[in-house]
file protein.json (JSON, C-alpha atoms)
[["chain", "number", "residue", "atom", "x", "y", "z"],
["N", 37, "MET", "CA", 34.25, 31.62, -91.45],
["N", 38, "ILE", "CA", 33.25, 33.86, -94.34],
["N", 39, "ASP", "CA", 33.00, 37.65, -94.25],
["N", 40, "GLN", "CA", 29.59, 37.91, -92.57],
["N", 41, "GLY", "CA", 29.13, 41.54, -93.48],
["N", 42, "ARG", "CA", 29.69, 40.84, -97.16],
["N", 43, "PHE", "CA", 27.39, 37.80, -96.97],
["N", 44, "GLN", "CA", 24.61, 39.97, -95.56],
["N", 45, "GLU", "CA", 25.19, 42.63, -98.23],
["N", 46, "ILE", "CA", 24.84, 40.01, -100.98],
["N", 47, "VAL", "CA", 21.59, 38.55, -99.62],
["N", 48, "ARG", "CA", 20.22, 42.03, -98.95],
["N", 49, "GLU", "CA", 20.96, 43.03, -102.54],
["N", 50, "ALA", "CA", 19.27, 39.85, -103.77],
["N", 51, "GLY", "CA", 16.20, 40.94, -101.83],
["N", 52, "ARG", "CA", 16.36, 44.36, -103.50],
["N", 53, "ILE", "CA", 16.59, 42.77, -106.93],
["N", 54, "ALA", "CA", 13.48, 40.70, -106.23],
["N", 55, "HIS", "CA", 11.62, 43.60, -104.64],
["N", 56, "SER", "CA", 12.33, 45.83, -107.65],
["N", 57, "ARG", "CA", 10.21, 43.46, -109.77],
["N", 58, "TRP", "CA", 7.54, 42.60, -107.20],
["N", 59, "PRO", "CA", 3.98, 43.06, -108.53],
["N", 60, "GLY", "CA", 2.91, 44.26, -105.09],
["N", 61, "ASP", "CA", 4.55, 47.57, -105.95],
["N", 62, "GLY", "CA", 2.93, 47.64, -109.38],
["N", 63, "HIS", "CA", 5.80, 46.16, -111.37],
["N", 64, "ALA", "CA", 5.10, 44.02, -114.42],
["N", 65, "LEU", "CA", 6.40, 40.47, -114.03],
["N", 66, "LYS", "CA", 6.70, 37.47, -116.32],
["N", 67, "SER", "CA", 5.89, 34.19, -114.60],
["N", 68, "TRP", "CA", 4.95, 30.67, -115.63],
["N", 69, "ASP", "CA", 4.44, 27.21, -114.13],
["N", 70, "LYS", "CA", 7.41, 24.86, -114.07],
["N", 71, "THR", "CA", 4.89, 22.14, -113.32],
["N", 72, "PRO", "CA", 1.15, 22.57, -112.67],
["N", 73, "GLY", "CA", 0.72, 24.72, -109.57],
["N", 74, "ASN", "CA", 4.48, 25.30, -109.20],
["N", 75, "PRO", "CA", 5.17, 28.85, -110.39],
["N", 76, "VAL", "CA", 8.46, 30.49, -111.24],
["N", 77, "SER", "CA", 9.17, 34.03, -112.39],
["N", 78, "GLU", "CA", 11.86, 35.97, -114.17],
["N", 79, "SER", "CA", 12.81, 37.36, -110.76],
["N", 80, "ASP", "CA", 13.52, 33.87, -109.38],
["N", 81, "LEU", "CA", 16.01, 33.33, -112.19],
["N", 82, "ALA", "CA", 17.59, 36.78, -111.90],
["N", 83, "VAL", "CA", 18.10, 36.39, -108.15],
["N", 84, "ASP", "CA", 19.46, 32.88, -108.61],
["N", 85, "ALA", "CA", 22.05, 34.07, -111.15],
["N", 86, "PHE", "CA", 23.07, 37.01, -108.96],
["N", 87, "LEU", "CA", 23.49, 34.87, -105.84],
["N", 88, "ARG", "CA", 25.42, 32.16, -107.63],
["N", 89, "ARG", "CA", 27.87, 34.70, -109.02],
["N", 90, "GLU", "CA", 28.38, 36.74, -105.85],
["N", 91, "LEU", "CA", 28.39, 33.89, -103.35],
["N", 92, "GLY", "CA", 30.78, 32.03, -105.63],
["N", 93, "ARG", "CA", 33.14, 34.99, -105.44],
["N", 94, "LEU", "CA", 32.73, 35.16, -101.67],
["N", 95, "LEU", "CA", 33.57, 31.49, -101.13],
["N", 96, "PRO", "CA", 34.86, 29.80, -104.30],
["N", 97, "SER", "CA", 35.35, 26.44, -102.57],
["N", 98, "ALA", "CA", 31.66, 26.00, -101.76],
["N", 99, "ALA", "CA", 29.35, 23.88, -103.91],
["N", 100, "TRP", "CA", 25.87, 24.98, -104.95],
["N", 101, "LEU", "CA", 22.31, 23.73, -104.43],
["N", 102, "SER", "CA", 19.40, 25.91, -105.49],
["N", 103, "GLU", "CA", 15.77, 25.43, -106.41],
["N", 104, "GLU", "CA", 16.34, 27.20, -109.73],
["N", 105, "THR", "CA", 19.59, 25.48, -110.80],
["N", 106, "ALA", "CA", 19.94, 21.96, -112.16],
["N", 107, "ASP", "CA", 21.28, 19.75, -109.37],
["N", 108, "ASP", "CA", 24.89, 18.68, -109.89],
["N", 109, "LYS", "CA", 25.36, 15.64, -107.63],
["N", 110, "ASN", "CA", 29.10, 16.33, -107.51],
["N", 111, "ARG", "CA", 28.11, 18.82, -104.81],
["N", 112, "THR", "CA", 27.99, 15.92, -102.32],
["N", 113, "LYS", "CA", 31.78, 15.64, -102.56],
["N", 114, "SER", "CA", 32.13, 19.10, -101.05],
["N", 115, "ASP", "CA", 32.15, 19.81, -97.33],
["N", 116, "LEU", "CA", 30.86, 23.34, -97.93],
["N", 117, "ILE", "CA", 27.76, 24.17, -99.93],
["N", 118, "TRP", "CA", 25.45, 27.11, -100.49],
["N", 119, "VAL", "CA", 21.80, 26.07, -100.14],
["N", 120, "VAL", "CA", 19.58, 28.67, -101.78],
["N", 121, "ASP", "CA", 15.96, 29.42, -102.57],
["N", 122, "PRO", "CA", 16.08, 32.62, -104.65],
["N", 123, "ILE", "CA", 12.46, 33.43, -103.84],
["N", 124, "ASP", "CA", 10.76, 31.21, -101.28],
["N", 125, "GLY", "CA", 7.02, 31.79, -101.48],
["N", 126, "THR", "CA", 6.79, 32.45, -105.22],
["N", 127, "ARG", "CA", 2.99, 32.20, -105.16],
["N", 128, "ASP", "CA", 2.82, 35.20, -102.84],
["N", 129, "PHE", "CA", 5.51, 36.96, -104.87],
["N", 130, "VAL", "CA", 3.76, 36.67, -108.23],
["N", 131, "GLY", "CA", 0.41, 37.43, -106.56],
["N", 132, "GLY", "CA", 1.70, 40.72, -105.17],
["N", 133, "ARG", "CA", 1.49, 39.52, -101.56],
["N", 134, "PRO", "CA", 4.36, 40.07, -99.10],
["N", 135, "GLY", "CA", 4.80, 36.52, -97.80],
["N", 136, "TRP", "CA", 8.05, 35.73, -99.66],
["N", 137, "ALA", "CA", 11.75, 35.80, -98.86],
["N", 138, "VAL", "CA", 15.19, 35.21, -100.32],
["N", 139, "SER", "CA", 16.67, 32.28, -98.39],
["N", 140, "VAL", "CA", 20.40, 31.51, -98.23],
["N", 141, "ALA", "CA", 22.38, 29.17, -95.99],
["N", 142, "LEU", "CA", 25.97, 27.97, -95.92],
["N", 143, "VAL", "CA", 26.13, 24.30, -94.91],
["N", 144, "SER", "CA", 29.21, 22.44, -93.68],
["N", 145, "SER", "CA", 29.31, 18.69, -93.03],
["N", 146, "GLY", "CA", 25.52, 18.51, -93.27],
["N", 147, "ARG", "CA", 24.79, 21.35, -90.83],
["N", 148, "PRO", "CA", 23.89, 24.99, -91.53],
["N", 149, "LEU", "CA", 26.60, 27.39, -90.35],
["N", 150, "ILE", "CA", 25.09, 30.72, -91.35],
["N", 151, "GLY", "CA", 21.68, 31.63, -92.69],
["N", 152, "MET", "CA", 19.70, 34.66, -93.77],
["N", 153, "LEU", "CA", 16.19, 35.48, -94.97],
["N", 154, "ALA", "CA", 15.66, 38.77, -96.76],
["N", 155, "ALA", "CA", 11.97, 39.70, -96.84],
["N", 156, "PRO", "CA", 11.95, 43.31, -98.03],
["N", 157, "ALA", "CA", 8.20, 43.42, -98.71],
["N", 158, "ARG", "CA", 7.78, 42.81, -94.96],
["N", 159, "ASP", "CA", 10.73, 45.00, -93.90],
["N", 160, "GLU", "CA", 12.27, 41.92, -92.31],
["N", 161, "GLU", "CA", 15.86, 40.69, -92.31],
["N", 162, "TRP", "CA", 16.50, 37.46, -90.40],
["N", 163, "PHE", "CA", 20.04, 36.29, -89.67],
["N", 164, "ALA", "CA", 21.73, 33.56, -87.65],
["N", 165, "VAL", "CA", 25.16, 32.04, -87.12],
["N", 166, "ALA", "CA", 25.48, 28.58, -85.57],
["N", 167, "GLY", "CA", 26.20, 28.87, -81.87],
["N", 168, "LYS", "CA", 25.78, 32.66, -81.83],
["N", 169, "GLY", "CA", 22.02, 33.20, -81.79],
["N", 170, "ALA", "CA", 19.61, 34.76, -84.24],
["N", 171, "VAL", "CA", 18.33, 38.26, -84.93],
["N", 172, "LEU", "CA", 15.50, 39.95, -86.79],
["N", 173, "ASN", "CA", 16.40, 43.47, -87.92],
["N", 174, "GLU", "CA", 19.23, 43.33, -85.35],
["N", 175, "ARG", "CA", 16.80, 42.44, -82.53],
["N", 176, "THR", "CA", 17.77, 39.25, -80.70],
["N", 177, "LEU", "CA", 15.24, 36.50, -81.26],
["N", 178, "LYS", "CA", 13.73, 34.34, -78.53],
["N", 179, "ALA", "CA", 11.60, 31.44, -79.70],
["N", 180, "SER", "CA", 8.25, 30.32, -78.38],
["N", 181, "ALA", "CA", 8.52, 28.70, -74.97],
["N", 182, "ARG", "CA", 4.95, 27.43, -74.84],
["N", 183, "THR", "CA", 4.51, 24.47, -72.51],
["N", 184, "GLU", "CA", 0.96, 23.34, -73.40],
["N", 185, "PHE", "CA", 0.32, 21.76, -76.79],
["N", 186, "SER", "CA", -3.39, 22.58, -76.87],
["N", 187, "GLY", "CA", -3.85, 26.19, -77.90],
["N", 188, "SER", "CA", -0.56, 26.33, -79.82],
["N", 189, "ARG", "CA", -0.42, 28.96, -82.56],
["N", 190, "VAL", "CA", 0.07, 27.52, -86.04],
["N", 191, "PRO", "CA", 0.69, 29.55, -89.23],
["N", 192, "THR", "CA", -2.01, 28.02, -91.42],
["N", 193, "ASP", "CA", -5.25, 28.90, -93.16],
["N", 194, "GLN", "CA", -6.96, 25.62, -92.33],
["N", 195, "LEU", "CA", -6.83, 23.09, -89.50],
["N", 196, "PRO", "CA", -7.96, 19.43, -89.66],
["N", 197, "SER", "CA", -10.72, 18.53, -87.24],
["N", 198, "ALA", "CA", -8.19, 16.47, -85.28],
["N", 199, "ASP", "CA", -6.29, 19.69, -84.57],
["N", 200, "SER", "CA", -9.23, 21.90, -83.64],
["N", 201, "ASP", "CA", -7.55, 22.62, -80.29],
["N", 202, "LEU", "CA", -4.86, 24.64, -82.09],
["N", 203, "VAL", "CA", -5.02, 28.33, -83.06],
["N", 204, "MET", "CA", -4.51, 29.66, -86.59],
["N", 205, "VAL", "CA", -2.22, 32.67, -87.13],
["N", 206, "GLU", "CA", -0.86, 34.44, -90.22],
["N", 207, "LYS", "CA", 0.38, 32.10, -92.96],
["N", 208, "PRO", "CA", 2.86, 33.60, -95.44],
["N", 209, "ASN", "CA", 3.36, 31.39, -98.50],
["N", 210, "SER", "CA", 7.07, 31.12, -97.69],
["N", 211, "ILE", "CA", 7.73, 28.04, -95.53],
["N", 212, "ALA", "CA", 10.96, 29.73, -94.44],
["N", 213, "LEU", "CA", 9.03, 32.67, -92.98],
["N", 214, "ARG", "CA", 6.59, 30.33, -91.24],
["N", 215, "ILE", "CA", 9.51, 28.49, -89.63],
["N", 216, "ALA", "CA", 11.10, 31.78, -88.59],
["N", 217, "MET", "CA", 7.82, 32.83, -86.95],
["N", 218, "VAL", "CA", 8.37, 30.14, -84.29],
["N", 219, "GLY", "CA", 11.79, 31.66, -83.66],
["N", 220, "ASP", "CA", 10.18, 35.05, -83.09],
["N", 221, "ASP", "CA", 7.42, 33.73, -80.79],
["N", 222, "ARG", "CA", 4.73, 34.58, -83.36],
["N", 223, "ALA", "CA", 3.87, 30.88, -83.61],
["N", 224, "ASP", "CA", 4.40, 27.85, -81.39],
["N", 225, "LEU", "CA", 4.28, 25.10, -83.98],
["N", 226, "LEU", "CA", 5.05, 24.67, -87.67],
["N", 227, "ALA", "CA", 4.56, 21.24, -89.24],
["N", 228, "THR", "CA", 4.48, 19.87, -92.78],
["N", 229, "LEU", "CA", 3.65, 16.31, -93.79],
["N", 230, "ARG", "CA", 5.13, 16.09, -97.28],
["N", 231, "TRP", "CA", 8.50, 15.73, -98.95],
["N", 232, "GLY", "CA", 10.29, 19.08, -98.86],
["N", 233, "PHE", "CA", 13.59, 20.31, -100.22],
["N", 234, "GLU", "CA", 16.65, 21.43, -98.30],
["N", 235, "TRP", "CA", 16.62, 24.87, -99.92],
["N", 236, "ASP", "CA", 13.18, 25.57, -98.43],
["N", 237, "VAL", "CA", 14.32, 25.18, -94.83],
["N", 238, "ALA", "CA", 18.12, 25.38, -94.43],
["N", 239, "ALA", "CA", 18.38, 29.05, -93.45],
["N", 240, "ALA", "CA", 15.11, 29.23, -91.53],
["N", 241, "THR", "CA", 15.68, 26.15, -89.39],
["N", 242, "LEU", "CA", 19.06, 27.54, -88.33],
["N", 243, "ILE", "CA", 17.37, 30.83, -87.38],
["N", 244, "ALA", "CA", 14.65, 29.05, -85.41],
["N", 245, "ARG", "CA", 17.08, 26.71, -83.68],
["N", 246, "GLU", "CA", 19.45, 29.52, -82.72],
["N", 247, "ALA", "CA", 16.45, 31.37, -81.26],
["N", 248, "GLY", "CA", 15.71, 28.34, -79.07],
["N", 249, "ALA", "CA", 13.16, 26.34, -81.04],
["N", 250, "ARG", "CA", 13.30, 22.57, -81.54],
["N", 251, "VAL", "CA", 13.72, 21.43, -85.16],
["N", 252, "SER", "CA", 13.26, 18.00, -86.75],
["N", 253, "ASP", "CA", 11.63, 16.14, -89.60],
["N", 254, "ALA", "CA", 8.01, 14.99, -89.23],
["N", 255, "PHE", "CA", 9.12, 11.90, -87.24],
["N", 256, "GLY", "CA", 11.27, 13.84, -84.79],
["N", 257, "LYS", "CA", 14.57, 12.92, -86.48],
["N", 258, "PRO", "CA", 17.31, 15.45, -87.33],
["N", 259, "LEU", "CA", 17.23, 17.15, -90.71],
["N", 260, "GLY", "CA", 20.20, 16.54, -92.99],
["N", 261, "TYR", "CA", 21.72, 18.73, -95.68],
["N", 262, "ASN", "CA", 23.71, 18.13, -98.86],
["N", 263, "LYS", "CA", 22.23, 14.67, -99.25],
["N", 264, "HIS", "CA", 22.19, 12.92, -102.63],
["N", 265, "ASP", "CA", 18.41, 13.28, -102.54],
["N", 266, "PRO", "CA", 18.03, 16.80, -101.11],
["N", 267, "ARG", "CA", 14.73, 16.12, -99.39],
["N", 268, "ASP", "CA", 13.32, 15.21, -95.98],
["N", 269, "PHE", "CA", 9.82, 14.07, -95.14],
["N", 270, "GLY", "CA", 8.25, 16.97, -93.35],
["N", 271, "VAL", "CA", 9.64, 19.63, -91.09],
["N", 272, "LEU", "CA", 8.60, 20.20, -87.49],
["N", 273, "VAL", "CA", 9.59, 23.37, -85.65],
["N", 274, "THR", "CA", 8.19, 23.99, -82.19],
["N", 275, "SER", "CA", 8.67, 25.33, -78.74],
["N", 276, "PRO", "CA", 11.04, 22.79, -77.19],
["N", 277, "HIS", "CA", 8.47, 21.94, -74.52],
["N", 278, "ILE", "CA", 5.81, 20.69, -76.96],
["N", 279, "HIS", "CA", 8.00, 18.96, -79.54],
["N", 280, "ALA", "CA", 7.50, 15.42, -78.26],
["N", 281, "GLU", "CA", 3.72, 15.89, -78.12],
["N", 282, "ALA", "CA", 3.76, 17.32, -81.64],
["N", 283, "VAL", "CA", 5.65, 14.27, -82.93],
["N", 284, "ALA", "CA", 3.14, 11.98, -81.22],
["N", 285, "ARG", "CA", 0.17, 13.93, -82.60],
["N", 286, "LEU", "CA", 1.49, 13.65, -86.16],
["N", 287, "ALA", "CA", 2.98, 10.14, -86.05],
["N", 288, "GLU", "CA", 0.12, 8.15, -87.58],
["N", 289, "ARG", "CA", -0.58, 10.73, -90.27],
["N", 290, "ALA", "CA", 3.11, 10.92, -91.15],
["N", 291, "LYS", "CA", 3.34, 7.13, -91.55],
["N", 292, "GLN", "CA", 0.30, 7.09, -93.84],
["N", 293, "LEU", "CA", 1.51, 9.95, -96.02],
["N", 294, "LYS", "CA", 5.17, 9.08, -96.42]]
call {"tool": "encode", "arguments": {"input": "protein.json", "output": "structure tokens"}}
result
Amino acid sequence: MIDQGRFQEIVREAGRIAHSRWPGDGHALKSWDKTPGNPVSESDLAVDAFLRRELGRLLPSAAWLSEETADDKNRTKSDLIWVVDPIDGTRDFVGGRPGWAVSVALVSSGRPLIGMLAAPARDEEWFAVAGKGAVLNERTLKASARTEFSGSRVPTDQLPSADSDLVMVEKPNSIALRIAMVGDDRADLLATLRWGFEWDVAAATLIAREAGARVSDAFGKPLGYNKHDPRDFGVLVTSPHIHAEAVARLAERAKQLK
């Protein structure tokens, strides 16, 4: 296993680099759309470069997969790989809102081994190691244990009429933070019904799972990492007691949208 202390220092420093340019503190920031509605900023690129350099020094044998780096498919030949989103929640970041995080995971044989979210605008530092639990600011996390699906808290700003029995709670733009909320019992259910990338969820799903949450794709199947196509259809993170009902609730919609 890598030097965990050094790993945390690197991700923490990446968070500081991003925070030092965050418009929420009045800093000027250059940003643009990679594609319509898909923003990126100079901070995304600066954090990406910093993490690639420092994590490469920490573990030279590991391959690299990041939202802001061209995907080299040779990565699939490696058992170890860093899976990185330099700033997850860029819309909140460029808008001066705090719902963003630096997300880093080390994956081995398709499974996250260690993961961290640095969210300095929220004074939050999430960390997990496979088989050893998860913490938020050094406080041990315990995931939602809700047993009734109806009334489940969902981090969203809008619910379909079919889900009117659910309860809306805070929705940071960062999908990683929304996943982690289930691990901290701030939400009972997080679900997406679209193709999503490994870098969005690798660290956060490890954190949620180590806190006791159930994690799958939208159909209830395990998520995979370091795939040739680094995507899964949907992510579903819930209290373990309502996972099967959540899969059933979403099944028809998932089939239609995939």
call {"tool": "residues_near_point", "arguments": {"input": "protein.json", "point": "(8.1, 25.7, -81.9)", "cutoff": "10 Å", "atoms": "all atoms listed in the file", "output": "ChimeraX atom specification"}}
result
/N:179-182,188-190,215-227,244-245,248-251,272-279,282
call {"tool": "write_last_selection", "arguments": {"input": "protein.json", "atoms": "C-alpha atoms", "output": "mmCIF file, keeping the file's coordinate frame"}}
result
data_model
loop_
_atom_site.group_PDB
_atom_site.id
_atom_site.type_symbol
_atom_site.label_atom_id
_atom_site.label_comp_id
_atom_site.auth_asym_id
_atom_site.auth_seq_id
_atom_site.Cartn_x
_atom_site.Cartn_y
_atom_site.Cartn_z
ATOM 1 C CA ALA N 179 11.600 31.440 -79.700
ATOM 2 C CA SER N 180 8.250 30.320 -78.380
ATOM 3 C CA ALA N 181 8.520 28.700 -74.970
ATOM 4 C CA ARG N 182 4.950 27.430 -74.840
ATOM 5 C CA SER N 188 -0.560 26.330 -79.820
ATOM 6 C CA ARG N 189 -0.420 28.960 -82.560
ATOM 7 C CA VAL N 190 0.070 27.520 -86.040
ATOM 8 C CA ILE N 215 9.510 28.490 -89.630
ATOM 9 C CA ALA N 216 11.100 31.780 -88.590
ATOM 10 C CA MET N 217 7.820 32.830 -86.950
ATOM 11 C CA VAL N 218 8.370 30.140 -84.290
ATOM 12 C CA GLY N 219 11.790 31.660 -83.660
ATOM 13 C CA ASP N 220 10.180 35.050 -83.090
ATOM 14 C CA ASP N 221 7.420 33.730 -80.790
ATOM 15 C CA ARG N 222 4.730 34.580 -83.360
ATOM 16 C CA ALA N 223 3.870 30.880 -83.610
ATOM 17 C CA ASP N 224 4.400 27.850 -81.390
ATOM 18 C CA LEU N 225 4.280 25.100 -83.980
ATOM 19 C CA LEU N 226 5.050 24.670 -87.670
ATOM 20 C CA ALA N 227 4.560 21.240 -89.240
ATOM 21 C CA ALA N 244 14.650 29.050 -85.410
ATOM 22 C CA ARG N 245 17.080 26.710 -83.680
ATOM 23 C CA GLY N 248 15.710 28.340 -79.070
ATOM 24 C CA ALA N 249 13.160 26.340 -81.040
ATOM 25 C CA ARG N 250 13.300 22.570 -81.540
ATOM 26 C CA VAL N 251 13.720 21.430 -85.160
ATOM 27 C CA LEU N 272 8.600 20.200 -87.490
ATOM 28 C CA VAL N 273 9.590 23.370 -85.650
ATOM 29 C CA THR N 274 8.190 23.990 -82.190
ATOM 30 C CA SER N 275 8.670 25.330 -78.740
ATOM 31 C CA PRO N 276 11.040 22.790 -77.190
ATOM 32 C CA HIS N 277 8.470 21.940 -74.520
ATOM 33 C CA ILE N 278 5.810 20.690 -76.960
ATOM 34 C CA HIS N 279 8.000 18.960 -79.540
ATOM 35 C CA ALA N 282 3.760 17.320 -81.640
#
call {"tool": "atom_distance", "arguments": {"input": "protein.json", "atom1": "CA of Gly169 (chain N)", "atom2": "CA of Val119 (chain N)"}}
result
19.7 Å
call {"tool": "residues_around", "arguments": {"input": "protein.json", "residues": "Leu65 (chain N)", "least_positions_apart": "6", "cutoff": "8 Å", "atoms": "all atoms listed in the file", "output": "PyMOL selection string"}}
result
chain N and resi 57-59+77-79+130
call {"tool": "atom_distance", "arguments": {"input": "protein.json", "atom1": "CA of Thr192 (chain N)", "atom2": "CA of Gly62 (chain N)"}}
result
27.1 Å
call {"tool": "atom_distance", "arguments": {"input": "protein.json", "atom1": "CA of Arg127 (chain N)", "atom2": "CA of Ala141 (chain N)"}}
result
21.7 Å
call {"tool": "closest_residue", "arguments": {"input": "protein.json", "among": "N:Arg289, N:Lys109, N:Arg52, N:Arg42", "to": "Ala157 (chain N)", "atoms": "all atoms listed in the file"}}
result
N:Arg52
call {"tool": "axis_aligned_box", "arguments": {"input": "protein.json", "around": "region 97-110 of chain N", "padding_each_side": "6 Å", "output": "lines of an AutoDock Vina configuration file"}}
result
center_x = 25.6
center_y = 21.4
center_z = -107.0
size_x = 31.6
size_y = 23.6
size_z = 22.4
call {"tool": "closest_residue", "arguments": {"input": "protein.json", "among": "N:Ala280, N:Gly151, N:Arg285, N:Leu259", "to": "Thr183 (chain N)", "atoms": "all atoms listed in the file"}}
result
N:Ala280
call {"tool": "residues_near_point", "arguments": {"input": "protein.json", "point": "(19.4, 23.5, -102.7)", "cutoff": "10 Å", "atoms": "all atoms listed in the file", "output": "PyMOL selection string"}}
result
chain N and resi 100-107+117-122+140-141+233-238+261-263+266-267
call {"tool": "decode", "arguments": {"input": "protein.json", "residues": "region 42-66 of chain N", "atoms": "N, CA and C atoms", "output": "PDB file, in the first residue's frame"}}
result
ATOM      1  N   ARG N  42       1.211  10.727   2.837  1.00  0.00           N
ATOM      2  CA  ARG N  42       1.647  11.523   1.697  1.00  0.00           C
ATOM      3  C   ARG N  42       0.527  11.670   0.672  1.00  0.00           C
ATOM      4  N   PHE N  43      -0.225  10.592   0.448  1.00  0.00           N
ATOM      5  CA  PHE N  43      -1.375  10.662  -0.447  1.00  0.00           C
ATOM      6  C   PHE N  43      -2.343  11.760   0.007  1.00  0.00           C
ATOM      7  N   GLN N  44      -2.664  11.778   1.286  1.00  0.00           N
ATOM      8  CA  GLN N  44      -3.596  12.791   1.794  1.00  0.00           C
ATOM      9  C   GLN N  44      -3.021  14.198   1.649  1.00  0.00           C
ATOM     10  N   GLU N  45      -1.726  14.344   1.886  1.00  0.00           N
ATOM     11  CA  GLU N  45      -1.091  15.658   1.721  1.00  0.00           C
ATOM     12  C   GLU N  45      -1.220  16.152   0.279  1.00  0.00           C
ATOM     13  N   ILE N  46      -1.032  15.248  -0.680  1.00  0.00           N
ATOM     14  CA  ILE N  46      -1.100  15.627  -2.091  1.00  0.00           C
ATOM     15  C   ILE N  46      -2.511  16.078  -2.461  1.00  0.00           C
ATOM     16  N   VAL N  47      -3.520  15.301  -2.061  1.00  0.00           N
ATOM     17  CA  VAL N  47      -4.898  15.660  -2.404  1.00  0.00           C
ATOM     18  C   VAL N  47      -5.318  16.930  -1.680  1.00  0.00           C
ATOM     19  N   ARG N  48      -4.870  17.063  -0.447  1.00  0.00           N
ATOM     20  CA  ARG N  48      -5.172  18.293   0.318  1.00  0.00           C
ATOM     21  C   ARG N  48      -4.567  19.515  -0.363  1.00  0.00           C
ATOM     22  N   GLU N  49      -3.338  19.385  -0.839  1.00  0.00           N
ATOM     23  CA  GLU N  49      -2.695  20.494  -1.539  1.00  0.00           C
ATOM     24  C   GLU N  49      -3.404  20.794  -2.854  1.00  0.00           C
ATOM     25  N   ALA N  50      -3.879  19.767  -3.544  1.00  0.00           N
ATOM     26  CA  ALA N  50      -4.665  19.991  -4.756  1.00  0.00           C
ATOM     27  C   ALA N  50      -5.918  20.797  -4.438  1.00  0.00           C
ATOM     28  N   GLY N  51      -6.544  20.494  -3.317  1.00  0.00           N
ATOM     29  CA  GLY N  51      -7.702  21.278  -2.893  1.00  0.00           C
ATOM     30  C   GLY N  51      -7.345  22.721  -2.625  1.00  0.00           C
ATOM     31  N   ARG N  52      -6.170  22.945  -2.025  1.00  0.00           N
ATOM     32  CA  ARG N  52      -5.724  24.322  -1.759  1.00  0.00           C
ATOM     33  C   ARG N  52      -5.459  25.078  -3.056  1.00  0.00           C
ATOM     34  N   ILE N  53      -4.873  24.395  -4.022  1.00  0.00           N
ATOM     35  CA  ILE N  53      -4.615  25.030  -5.318  1.00  0.00           C
ATOM     36  C   ILE N  53      -5.931  25.476  -5.951  1.00  0.00           C
ATOM     37  N   ALA N  54      -6.910  24.590  -5.955  1.00  0.00           N
ATOM     38  CA  ALA N  54      -8.218  24.944  -6.509  1.00  0.00           C
ATOM     39  C   ALA N  54      -8.867  26.074  -5.730  1.00  0.00           C
ATOM     40  N   HIS N  55      -8.827  25.972  -4.409  1.00  0.00           N
ATOM     41  CA  HIS N  55      -9.488  26.959  -3.548  1.00  0.00           C
ATOM     42  C   HIS N  55      -8.872  28.344  -3.720  1.00  0.00           C
ATOM     43  N   SER N  56      -7.567  28.387  -4.007  1.00  0.00           N
ATOM     44  CA  SER N  56      -6.875  29.673  -4.155  1.00  0.00           C
ATOM     45  C   SER N  56      -7.343  30.443  -5.388  1.00  0.00           C
ATOM     46  N   ARG N  57      -8.060  29.756  -6.294  1.00  0.00           N
ATOM     47  CA  ARG N  57      -8.552  30.403  -7.508  1.00  0.00           C
ATOM     48  C   ARG N  57     -10.080  30.426  -7.558  1.00  0.00           C
ATOM     49  N   TRP N  58     -10.719  30.017  -6.489  1.00  0.00           N
ATOM     50  CA  TRP N  58     -12.184  29.863  -6.478  1.00  0.00           C
ATOM     51  C   TRP N  58     -12.871  31.228  -6.479  1.00  0.00           C
ATOM     52  N   PRO N  59     -13.767  31.476  -7.422  1.00  0.00           N
ATOM     53  CA  PRO N  59     -14.461  32.774  -7.465  1.00  0.00           C
ATOM     54  C   PRO N  59     -15.298  33.074  -6.226  1.00  0.00           C
ATOM     55  N   GLY N  60     -15.644  32.033  -5.472  1.00  0.00           N
ATOM     56  CA  GLY N  60     -16.418  32.258  -4.256  1.00  0.00           C
ATOM     57  C   GLY N  60     -15.688  33.093  -3.230  1.00  0.00           C
ATOM     58  N   ASP N  61     -14.372  33.148  -3.333  1.00  0.00           N
ATOM     59  CA  ASP N  61     -13.565  34.013  -2.462  1.00  0.00           C
ATOM     60  C   ASP N  61     -13.120  35.272  -3.195  1.00  0.00           C
ATOM     61  N   GLY N  62     -13.745  35.547  -4.330  1.00  0.00           N
ATOM     62  CA  GLY N  62     -13.458  36.777  -5.058  1.00  0.00           C
ATOM     63  C   GLY N  62     -12.321  36.700  -6.054  1.00  0.00           C
ATOM     64  N   HIS N  63     -11.810  35.500  -6.308  1.00  0.00           N
ATOM     65  CA  HIS N  63     -10.690  35.369  -7.248  1.00  0.00           C
ATOM     66  C   HIS N  63     -11.184  35.390  -8.692  1.00  0.00           C
ATOM     67  N   ALA N  64     -10.410  36.022  -9.559  1.00  0.00           N
ATOM     68  CA  ALA N  64     -10.708  35.996 -10.990  1.00  0.00           C
ATOM     69  C   ALA N  64     -10.361  34.619 -11.541  1.00  0.00           C
ATOM     70  N   LEU N  65     -11.167  34.134 -12.473  1.00  0.00           N
ATOM     71  CA  LEU N  65     -10.965  32.782 -12.998  1.00  0.00           C
ATOM     72  C   LEU N  65     -11.315  32.749 -14.476  1.00  0.00           C
ATOM     73  N   LYS N  66     -10.442  32.132 -15.262  1.00  0.00           N
ATOM     74  CA  LYS N  66     -10.748  31.908 -16.673  1.00  0.00           C
ATOM     75  C   LYS N  66     -11.415  30.543 -16.815  1.00  0.00           C
TER      76      LYS N  66
END
